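Coordinates as given in entry-v9.pdb (PDB, C-alpha atoms):
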```pdb
ATOM      1  CA  LYS A   1      45.376  22.774 -14.371  1.00  0.00           C
ATOM      2  CA  LYS A   2      43.507  20.545 -11.931  1.00  0.00           C
ATOM      3  CA  GLN A   3      45.102  17.269 -10.952  1.00  0.00           C
ATOM      4  CA  ARG A   4      43.143  14.168 -11.979  1.00  0.00           C
ATOM      5  CA  LEU A   5      42.091  12.064  -9.031  1.00  0.00           C
ATOM      6  CA  ASP A   6      41.912   8.288  -9.065  1.00  0.00           C
ATOM      7  CA  GLY A   7      40.910   5.730  -6.466  1.00  0.00           C
ATOM      8  CA  PRO A   8      38.921   6.352  -3.275  1.00  0.00           C
ATOM      9  CA  ALA A   9      39.420  10.103  -3.331  1.00  0.00           C
ATOM     10  CA  ALA A  10      37.800  10.365  -6.745  1.00  0.00           C
ATOM     11  CA  SER A  11      34.766   8.331  -5.727  1.00  0.00           C
ATOM     12  CA  GLY A  12      34.374  10.460  -2.583  1.00  0.00           C
ATOM     13  CA  THR A  13      34.401  13.637  -4.650  1.00  0.00           C
ATOM     14  CA  ALA A  14      31.807  12.228  -7.055  1.00  0.00           C
ATOM     15  CA  ALA A  15      29.569  11.280  -4.158  1.00  0.00           C
ATOM     16  CA  THR A  16      29.786  14.823  -2.822  1.00  0.00           C
ATOM     17  CA  ALA A  17      29.032  16.377  -6.191  1.00  0.00           C
ATOM     18  CA  ALA A  18      26.060  14.109  -6.999  1.00  0.00           C
ATOM     19  CA  PRO A  19      24.039  12.938  -3.978  1.00  0.00           C
ATOM     20  CA  LEU A  20      22.703   9.445  -4.244  1.00  0.00           C
ATOM     21  CA  ARG A  21      19.034   9.121  -5.187  1.00  0.00           C
ATOM     22  CA  ARG A  22      16.808   7.360  -2.692  1.00  0.00           C
ATOM     23  CA  SER A  23      16.210   3.913  -4.103  1.00  0.00           C
ATOM     24  CA  ARG A  24      13.004   1.936  -3.814  1.00  0.00           C
ATOM     25  CA  ARG A  25      15.117  -1.099  -2.871  1.00  0.00           C
ATOM     26  CA  ILE A  26      18.045  -1.362  -0.454  1.00  0.00           C
ATOM     27  CA  ASN A  27      20.187  -4.508  -0.535  1.00  0.00           C
ATOM     28  CA  GLY A  28      17.508  -6.205  -2.602  1.00  0.00           C
ATOM     29  CA  LYS A  29      14.697  -5.391  -0.130  1.00  0.00           C
ATOM     30  CA  PRO A  30      11.943  -2.758  -0.443  1.00  0.00           C
ATOM     31  CA  ASN A  31      12.814   0.645   1.002  1.00  0.00           C
ATOM     32  CA  ALA A  32      10.578   0.951   4.085  1.00  0.00           C
ATOM     33  CA  THR A  33      10.698   4.739   3.970  1.00  0.00           C
ATOM     34  CA  ILE A  34       9.242   4.846   0.449  1.00  0.00           C
ATOM     35  CA  ALA A  35       6.582   2.265   1.277  1.00  0.00           C
ATOM     36  CA  GLN A  36       5.520   4.144   4.401  1.00  0.00           C
ATOM     37  CA  ALA A  37       5.323   7.409   2.482  1.00  0.00           C
ATOM     38  CA  ASP A  38       2.952   5.807  -0.032  1.00  0.00           C
ATOM     39  CA  VAL A  39       0.703   4.589   2.788  1.00  0.00           C
ATOM     40  CA  VAL A  40       0.653   8.085   4.296  1.00  0.00           C
ATOM     41  CA  VAL A  41      -0.431   9.588   0.964  1.00  0.00           C
ATOM     42  CA  GLU A  42      -3.227   6.989   0.677  1.00  0.00           C
ATOM     43  CA  HIS A  43      -4.344   7.840   4.213  1.00  0.00           C
ATOM     44  CA  ILE A  44      -4.424  11.579   3.458  1.00  0.00           C
ATOM     45  CA  PHE A  45      -6.385  10.978   0.251  1.00  0.00           C
ATOM     46  CA  GLY A  46      -8.935   9.160   2.387  1.00  0.00           C
ATOM     47  CA  TYR A  47     -10.033  12.481   3.868  1.00  0.00           C
ATOM     48  CA  LEU A  48     -10.608  14.147   0.500  1.00  0.00           C
ATOM     49  CA  PRO A  49     -13.749  14.161  -1.658  1.00  0.00           C
ATOM     50  CA  PRO A  50     -13.475  12.239  -4.957  1.00  0.00           C
ATOM     51  CA  GLU A  51     -13.069  15.418  -7.010  1.00  0.00           C
ATOM     52  CA  ASP A  52      -9.962  16.461  -5.033  1.00  0.00           C
ATOM     53  CA  ILE A  53      -8.476  12.978  -5.247  1.00  0.00           C
ATOM     54  CA  MET A  54      -8.845  13.073  -9.024  1.00  0.00           C
ATOM     55  CA  ARG A  55      -6.979  16.390  -9.141  1.00  0.00           C
ATOM     56  CA  SER A  56      -4.233  15.230  -6.768  1.00  0.00           C
ATOM     57  CA  ARG A  57      -3.505  12.035  -8.709  1.00  0.00           C
ATOM     58  CA  ARG A  58      -2.209  14.175 -11.581  1.00  0.00           C
ATOM     59  CA  VAL A  59       0.812  15.332  -9.549  1.00  0.00           C
ATOM     60  CA  CYS A  60       2.993  12.272 -10.150  1.00  0.00           C
ATOM     61  CA  LYS A  61       2.887   8.526 -10.745  1.00  0.00           C
ATOM     62  CA  ARG A  62       3.227   7.692  -7.038  1.00  0.00           C
ATOM     63  CA  TRP A  63       0.219   9.839  -6.193  1.00  0.00           C
ATOM     64  CA  LYS A  64      -1.657   8.267  -9.090  1.00  0.00           C
ATOM     65  CA  ASP A  65      -0.972   4.795  -7.668  1.00  0.00           C
ATOM     66  CA  ALA A  66      -1.896   5.985  -4.171  1.00  0.00           C
ATOM     67  CA  ALA A  67      -5.247   7.264  -5.426  1.00  0.00           C
ATOM     68  CA  LYS A  68      -6.005   3.880  -6.965  1.00  0.00           C
ATOM     69  CA  ASN A  69      -5.349   2.142  -3.630  1.00  0.00           C
ATOM     70  CA  THR A  70      -7.182   4.687  -1.476  1.00  0.00           C
ATOM     71  CA  ILE A  71     -10.224   3.472   0.430  1.00  0.00           C
ATOM     72  CA  VAL A  72     -12.199   6.585   1.311  1.00  0.00           C
ATOM     73  CA  PRO A  73     -14.517   6.496   4.355  1.00  0.00           C
ATOM     74  CA  ILE A  74     -18.220   6.732   3.474  1.00  0.00           C
ATOM     75  CA  PRO A  75     -18.902  10.185   4.959  1.00  0.00           C
ATOM     76  CA  THR A  76     -16.414  11.671   2.501  1.00  0.00           C
ATOM     77  CA  THR A  77     -17.125   9.690  -0.658  1.00  0.00           C
ATOM     78  CA  ARG A  78     -20.693  10.503  -1.615  1.00  0.00           C
ATOM     79  CA  PHE A  79     -20.664  11.046  -5.351  1.00  0.00           C
ATOM     80  CA  GLU A  80     -23.897  11.998  -7.118  1.00  0.00           C
ATOM     81  CA  VAL A  81     -24.353  11.335 -10.820  1.00  0.00           C
ATOM     82  CA  ASP A  82     -26.965  13.739 -12.195  1.00  0.00           C
ATOM     83  CA  THR A  83     -25.255  15.252 -15.252  1.00  0.00           C
ATOM     84  CA  GLU A  84     -23.428  13.895 -18.269  1.00  0.00           C
ATOM     85  CA  MET A  85     -20.230  15.514 -16.993  1.00  0.00           C
ATOM     86  CA  LYS A  86     -20.471  13.675 -13.681  1.00  0.00           C
ATOM     87  CA  TYR A  87     -21.210  10.455 -15.516  1.00  0.00           C
ATOM     88  CA  SER A  88     -18.027  10.943 -17.537  1.00  0.00           C
ATOM     89  CA  ALA A  89     -16.168  11.602 -14.281  1.00  0.00           C
ATOM     90  CA  MET A  90     -17.553   8.371 -12.824  1.00  0.00           C
ATOM     91  CA  ARG A  91     -16.276   6.450 -15.844  1.00  0.00           C
ATOM     92  CA  VAL A  92     -12.764   7.747 -15.191  1.00  0.00           C
ATOM     93  CA  MET A  93     -13.090   7.072 -11.452  1.00  0.00           C
ATOM     94  CA  SER A  94     -13.993   3.452 -12.121  1.00  0.00           C
ATOM     95  CA  THR A  95     -10.338   2.845 -13.015  1.00  0.00           C
ATOM     96  CA  ALA A  96      -8.622   5.780 -11.274  1.00  0.00           C
ATOM     97  CA  ILE A  97     -10.208   5.374  -7.810  1.00  0.00           C
ATOM     98  CA  PRO A  98     -12.122   2.069  -8.007  1.00  0.00           C
ATOM     99  CA  ASN A  99     -12.466   1.900  -4.206  1.00  0.00           C
ATOM    100  CA  LEU A 100     -15.220   4.522  -4.187  1.00  0.00           C
ATOM    101  CA  ALA A 101     -17.607   3.533  -1.386  1.00  0.00           C
ATOM    102  CA  GLN A 102     -20.823   5.423  -2.150  1.00  0.00           C
ATOM    103  CA  ILE A 103     -22.615   6.356  -5.388  1.00  0.00           C
ATOM    104  CA  THR A 104     -25.973   8.036  -5.954  1.00  0.00           C
ATOM    105  CA  ILE A 105     -27.661   7.798  -9.364  1.00  0.00           C
ATOM    106  CA  ARG A 106     -30.204  10.574 -10.035  1.00  0.00           C
ATOM    107  CA  PRO A 107     -32.083  11.885 -13.111  1.00  0.00           C
ATOM    108  CA  PHE A 108     -29.997  13.822 -15.597  1.00  0.00           C
ATOM    109  CA  GLU A 109     -30.455  17.572 -15.611  1.00  0.00           C
ATOM    110  CA  HIS A 110     -30.487  17.662 -19.410  1.00  0.00           C
ATOM    111  CA  ARG A 111     -31.831  15.408 -22.133  1.00  0.00           C
ATOM    112  CA  ALA A 112     -29.973  12.186 -21.473  1.00  0.00           C
ATOM    113  CA  ARG A 113     -30.824   8.695 -20.307  1.00  0.00           C
ATOM    114  CA  TYR A 114     -29.182   5.363 -19.646  1.00  0.00           C
ATOM    115  CA  SER A 115     -29.361   2.555 -22.161  1.00  0.00           C
ATOM    116  CA  ASN A 116     -32.193   0.083 -21.665  1.00  0.00           C
ATOM    117  CA  GLY A 117     -31.592  -2.992 -19.558  1.00  0.00           C
ATOM    118  CA  GLU A 118     -32.941  -6.495 -20.021  1.00  0.00           C
ATOM    119  CA  GLU A 119     -36.699  -6.860 -20.579  1.00  0.00           C
ATOM    120  CA  PRO A 120     -37.398  -3.101 -20.795  1.00  0.00           C
ATOM    121  CA  ASP A 121     -40.872  -1.616 -20.754  1.00  0.00           C
ATOM    122  CA  GLU A 122     -41.747  -1.617 -24.455  1.00  0.00           C
ATOM    123  CA  CYS A 123     -43.996   1.447 -24.260  1.00  0.00           C
ATOM    124  CA  LEU A 124     -41.336   3.585 -22.598  1.00  0.00           C
ATOM    125  CA  ALA A 125     -38.640   2.194 -24.891  1.00  0.00           C
ATOM    126  CA  THR A 126     -40.682   3.236 -27.951  1.00  0.00           C
ATOM    127  CA  ILE A 127     -41.263   6.738 -26.630  1.00  0.00           C
ATOM    128  CA  THR A 128     -37.613   7.326 -25.710  1.00  0.00           C
ATOM    129  CA  ALA A 129     -36.392   5.839 -28.989  1.00  0.00           C
ATOM    130  CA  ASN A 130     -38.137   8.638 -30.865  1.00  0.00           C
ATOM    131  CA  THR A 131     -36.863  11.340 -28.510  1.00  0.00           C
ATOM    132  CA  PRO A 132     -33.569  13.123 -29.311  1.00  0.00           C
ATOM    133  CA  VAL A 133     -31.579  12.349 -26.162  1.00  0.00           C
ATOM    134  CA  THR A 134     -28.030  11.315 -25.347  1.00  0.00           C
ATOM    135  CA  ILE A 135     -27.774   7.639 -24.402  1.00  0.00           C
ATOM    136  CA  VAL A 136     -25.082   6.579 -21.950  1.00  0.00           C
ATOM    137  CA  THR A 137     -24.140   3.052 -20.886  1.00  0.00           C
ATOM    138  CA  LEU A 138     -23.941   2.021 -17.262  1.00  0.00           C
ATOM    139  CA  PRO A 139     -22.817  -1.632 -16.845  1.00  0.00           C
ATOM    140  CA  GLU A 140     -19.113  -1.433 -17.690  1.00  0.00           C
ATOM    141  CA  THR A 141     -18.716   1.577 -15.403  1.00  0.00           C
ATOM    142  CA  MET A 142     -20.636   0.533 -12.295  1.00  0.00           C
ATOM    143  CA  SER A 143     -19.383  -3.044 -12.216  1.00  0.00           C
ATOM    144  CA  ARG A 144     -15.796  -1.885 -11.581  1.00  0.00           C
ATOM    145  CA  PHE A 145     -16.588  -0.469  -8.133  1.00  0.00           C
ATOM    146  CA  ARG A 146     -16.150  -3.794  -6.360  1.00  0.00           C
ATOM    147  CA  LYS A 147     -15.796  -2.211  -2.895  1.00  0.00           C
ATOM    148  CA  LEU A 148     -18.982  -0.162  -3.120  1.00  0.00           C
ATOM    149  CA  ARG A 149     -20.785  -0.049   0.233  1.00  0.00           C
ATOM    150  CA  VAL A 150     -23.682   2.357  -0.380  1.00  0.00           C
ATOM    151  CA  LEU A 151     -25.750   2.523  -3.574  1.00  0.00           C
ATOM    152  CA  GLU A 152     -28.646   4.955  -3.950  1.00  0.00           C
ATOM    153  CA  LEU A 153     -30.941   4.906  -6.990  1.00  0.00           C
ATOM    154  CA  ASP A 154     -33.029   8.057  -6.617  1.00  0.00           C
ATOM    155  CA  MET A 155     -35.538   8.400  -9.483  1.00  0.00           C
ATOM    156  CA  ALA A 156     -32.815   7.090 -11.777  1.00  0.00           C
ATOM    157  CA  PRO A 157     -33.818   6.989 -15.477  1.00  0.00           C
ATOM    158  CA  LEU A 158     -33.512   3.215 -15.804  1.00  0.00           C
ATOM    159  CA  ASN A 159     -35.711   0.950 -17.897  1.00  0.00           C
ATOM    160  CA  GLY A 160     -35.558  -2.814 -17.517  1.00  0.00           C
ATOM    161  CA  ARG A 161     -33.488  -5.246 -15.507  1.00  0.00           C
ATOM    162  CA  TYR A 162     -29.852  -4.456 -14.612  1.00  0.00           C
ATOM    163  CA  PRO A 163     -28.345  -7.501 -12.822  1.00  0.00           C
ATOM    164  CA  PHE A 164     -24.954  -5.806 -12.306  1.00  0.00           C
ATOM    165  CA  LEU A 165     -26.608  -3.289  -9.939  1.00  0.00           C
ATOM    166  CA  PHE A 166     -27.235  -6.175  -7.538  1.00  0.00           C
ATOM    167  CA  ASP A 167     -23.777  -7.721  -7.679  1.00  0.00           C
ATOM    168  CA  PHE A 168     -21.646  -5.835  -5.161  1.00  0.00           C
ATOM    169  CA  PRO A 169     -20.201  -8.266  -2.581  1.00  0.00           C
ATOM    170  CA  ARG A 170     -19.400  -5.535  -0.022  1.00  0.00           C
ATOM    171  CA  LEU A 171     -22.560  -3.457  -0.324  1.00  0.00           C
ATOM    172  CA  GLU A 172     -24.152  -2.642   3.034  1.00  0.00           C
ATOM    173  CA  THR A 173     -26.896  -0.149   2.093  1.00  0.00           C
ATOM    174  CA  LEU A 174     -29.221  -0.210  -0.916  1.00  0.00           C
ATOM    175  CA  GLN A 175     -31.822   2.498  -1.519  1.00  0.00           C
ATOM    176  CA  ILE A 176     -34.200   2.407  -4.467  1.00  0.00           C
ATOM    177  CA  LYS A 177     -36.543   5.381  -4.646  1.00  0.00           C
ATOM    178  CA  GLU A 178     -39.215   5.836  -7.308  1.00  0.00           C
ATOM    179  CA  CYS A 179     -37.391   4.083 -10.120  1.00  0.00           C
ATOM    180  CA  SER A 180     -40.689   3.234 -11.792  1.00  0.00           C
ATOM    181  CA  TYR A 181     -39.272   1.221 -14.697  1.00  0.00           C
ATOM    182  CA  LEU A 182     -36.399  -0.522 -12.931  1.00  0.00           C
ATOM    183  CA  LYS A 183     -37.231  -4.229 -12.825  1.00  0.00           C
ATOM    184  CA  TRP A 184     -35.700  -6.240 -10.012  1.00  0.00           C
ATOM    185  CA  ASP A 185     -36.370  -9.287  -7.897  1.00  0.00           C
ATOM    186  CA  LEU A 186     -35.827  -9.760  -4.168  1.00  0.00           C
ATOM    187  CA  GLY A 187     -33.855 -12.885  -4.986  1.00  0.00           C
ATOM    188  CA  MET A 188     -31.248 -10.723  -6.746  1.00  0.00           C
ATOM    189  CA  LEU A 189     -30.161  -9.436  -3.337  1.00  0.00           C
ATOM    190  CA  ARG A 190     -28.177 -12.637  -2.860  1.00  0.00           C
ATOM    191  CA  GLY A 191     -25.427 -10.873  -4.765  1.00  0.00           C
ATOM    192  CA  MET A 192     -25.039  -8.579  -1.734  1.00  0.00           C
ATOM    193  CA  PRO A 193     -24.148 -10.989   1.101  1.00  0.00           C
ATOM    194  CA  LEU A 194     -23.193  -8.154   3.503  1.00  0.00           C
ATOM    195  CA  LEU A 195     -26.364  -6.088   2.990  1.00  0.00           C
ATOM    196  CA  LYS A 196     -27.566  -4.457   6.225  1.00  0.00           C
ATOM    197  CA  THR A 197     -30.127  -1.874   5.099  1.00  0.00           C
ATOM    198  CA  LEU A 198     -32.698  -2.121   2.309  1.00  0.00           C
ATOM    199  CA  CYS A 199     -35.001   0.801   1.566  1.00  0.00           C
ATOM    200  CA  ALA A 200     -37.222   0.574  -1.517  1.00  0.00           C
ATOM    201  CA  VAL A 201     -40.069   2.787  -2.709  1.00  0.00           C
ATOM    202  CA  CYS A 202     -41.308   1.289  -5.949  1.00  0.00           C
ATOM    203  CA  ASN A 203     -44.339  -0.068  -7.779  1.00  0.00           C
ATOM    204  CA  GLY A 204     -45.545  -3.625  -7.600  1.00  0.00           C
ATOM    205  CA  LYS A 205     -44.940  -4.317 -11.295  1.00  0.00           C
ATOM    206  CA  ALA A 206     -41.273  -3.325 -11.129  1.00  0.00           C
ATOM    207  CA  MET A 207     -40.389  -5.322  -8.006  1.00  0.00           C
ATOM    208  CA  THR A 208     -41.117  -9.034  -7.868  1.00  0.00           C
ATOM    209  CA  GLY A 209     -40.162 -11.980  -5.703  1.00  0.00           C
ATOM    210  CA  ASN A 210     -41.070 -13.483  -2.358  1.00  0.00           C
ATOM    211  CA  ILE A 211     -40.160 -11.760   0.899  1.00  0.00           C
ATOM    212  CA  LYS A 212     -38.970 -15.168   2.136  1.00  0.00           C
ATOM    213  CA  SER A 213     -35.994 -14.890  -0.216  1.00  0.00           C
ATOM    214  CA  LEU A 214     -34.517 -12.372   2.250  1.00  0.00           C
ATOM    215  CA  ARG A 215     -33.794 -15.272   4.583  1.00  0.00           C
ATOM    216  CA  ALA A 216     -30.552 -15.700   2.664  1.00  0.00           C
ATOM    217  CA  LEU A 217     -29.444 -12.429   4.320  1.00  0.00           C
ATOM    218  CA  LYS A 218     -30.722 -13.195   7.817  1.00  0.00           C
ATOM    219  CA  ASN A 219     -27.227 -12.996   9.322  1.00  0.00           C
ATOM    220  CA  THR A 220     -26.549  -9.474   8.055  1.00  0.00           C
ATOM    221  CA  LEU A 221     -29.845  -7.722   7.242  1.00  0.00           C
ATOM    222  CA  GLU A 222     -30.821  -5.303  10.013  1.00  0.00           C
ATOM    223  CA  LYS A 223     -33.428  -2.975   8.493  1.00  0.00           C
ATOM    224  CA  VAL A 224     -35.902  -3.486   5.654  1.00  0.00           C
ATOM    225  CA  THR A 225     -38.336  -0.837   4.387  1.00  0.00           C
ATOM    226  CA  ILE A 226     -40.410  -1.596   1.289  1.00  0.00           C
ATOM    227  CA  VAL A 227     -43.174   0.759   0.146  1.00  0.00           C
ATOM    228  CA  ILE A 228     -45.292  -0.365  -2.806  1.00  0.00           C
ATOM    229  CA  GLU A 229     -46.894   2.366  -4.923  1.00  0.00           C
ATOM    230  CA  SER A 230     -48.929   2.291  -8.119  1.00  0.00           C
ATOM    231  CA  ARG A 231     -47.178   3.410 -11.285  1.00  0.00           C
ATOM    232  CA  HIS A 232     -49.492   6.404 -11.584  1.00  0.00           C
ATOM    233  CA  SER A 233     -48.542   7.700  -8.112  1.00  0.00           C
ATOM    234  CA  ALA A 234     -44.861   7.102  -8.774  1.00  0.00           C
TER     235      ALA A 234
END
```
Starting from the file, give its structure as structure tokens.
Amino acid sequence: KKQRLDGPAASGTAATAAPLRRSRRINGKPNATIAQADVVVEHIFGYLPPEDIMRSRRVCKRWKDAAKNTIVPIPTTRFEVDTEMKYSAMRVMSTAIPNLAQITIRPFEHRARYSNGEEPDECLATITANTPVTIVTLPETMSRFRKLRVLELDMAPLNGRYPFLFDFPRLETLQIKECSYLKWDLGMLRGMPLLKTLCAVCNGKAMTGNIKSLRALKNTLEKVTIVIESRHSA
């Protein structure tokens, strides 16, 4: 029969049998080792494409939190939305990895379109209303990417005015290519105070405003390319 131990000897035996768990706080202060490990994970995530970050965040809660804080460099973060599946993925990313830096919106491969914006083209709205397509919403998703730095709208199926697309305080590059029914005004670019590059290929009816309104961005704007086409050529 084993002798029961009391006092210091007993506590020493218990410590040997059950190693202490590493605590997030030591003497009331954050454990530096844990904090540094979280930063390292965020740094590693920064070298991964968005799809891999989304897979990695499922490992544990700490990796999930690290993914949410990760700021991925632009060369790695290009995410193209051209299918309903990728749109669904973008919706999840808007809360899972909201620091996505670059997004490209393209036409859907299948029969789907975005919901109409403000002041849509009535003719197009009537035609699409009678067409059996899947309608997806864009505002609540896009507006969450507050650290977006590059936005590309490449023949995106948009109809009307979408103010939230011009309200990204850290955006540096905006490209609008052949979005024939996207209505926007040069004055809306004030919502992008850090804008450096503007490239737009659009028709004169969709884009309005005075070029003088770009003076508000004179301290940041470095390159401006605007090509006006007729709606028939677009």
Quiz item: Using only C-alpha atoms, which of A:Pro49, A:Gly117, A:Pro157, A:Pro139 sits nearest Lys183 in chain A?
Solution: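 Once distances to Lys183 in chain A are computed over only C-alpha atoms, the minimum belongs to A:Gly117.
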Quiz item: Near Gly191 in chain A, counting only C-alpha atoms, which residues have an atom at most 10 Å away, once you skip same-chain residues fewer than 6 positions from it, shown as a count of residues only?
Solution: 9
Practice problem: Using the chain letters and numbers from the file, give me the residues hit by the PyMOL selection byres ((chain A and resi 91) around 12), as a PyMOL selection string. | Solution: chain A and resi 81+84-90+92-98+100+136-145
Quiz item: What separation in Å, quoted to one decimal, exists between CA of Val227 in chain A and CA of Glu172 in chain A?
Solution: 19.5 Å
Exercise. Would you mind telling me which residue in A:Glu42, A:Glu109, A:Asp121, A:Asp185 lies nearest to Thr134 in chain A when using only C-alpha atoms?
Key: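 Nearest candidate to Thr134 in chain A out of A:Glu42, A:Glu109, A:Asp121, A:Asp185: A:Glu109.
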Grab all the atoms of range 210-225 of chain A that the file lists, wrap them in a box along x, y and z, add 4 Å per side, and give me centre plus edge lengths in Å (one decimal) as AutoDock Vina command-line options.
```
--center_x -33.8 --center_y -8.3 --center_z 3.8 --size_x 22.5 --size_y 22.9 --size_z 20.4
```
Self-check item: Å distance separating CA of Met192 in chain A from CA of Arg161 in chain A, one decimal place
Solution: 16.5 Å
Exercise. Any chance you could resolve the PyMOL selection byres ((chain A and resi 222) around 6) against this file and give the residues as a PyMOL selection string?
Key: chain A and resi 196+221+223
Practice problem: Would you list the contacts of Thr208 in chain A as a PyMOL selection string, taking every protein, DNA or RNA residue within 12 Å and counting only C-alpha atoms, but skipping same-chain residues closer than 6 positions in sequence? | Solution: chain A and resi 161+182-189+202+226+228
Quiz prompt | CA of Leu153 in chain A to CA of Leu174 in chain A, distance in Å rounded to a single decimal | solution =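 A separation of 8.1 Å between them.
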Practice problem: Counting only C-alpha atoms, figure out which residue out of A:Met155, A:Cys60, A:Ile71, A:Cys179 gets nearest to Asn203 in chain A. | Solution: A:Cys179
Practice problem: Please evaluate the PyMOL selection byres ((chain A and resi 51) around 10) against the structure above and give the resulting residues as a PyMOL selection string. | Solution: chain A and resi 48-50+52-56+77+79+89+93
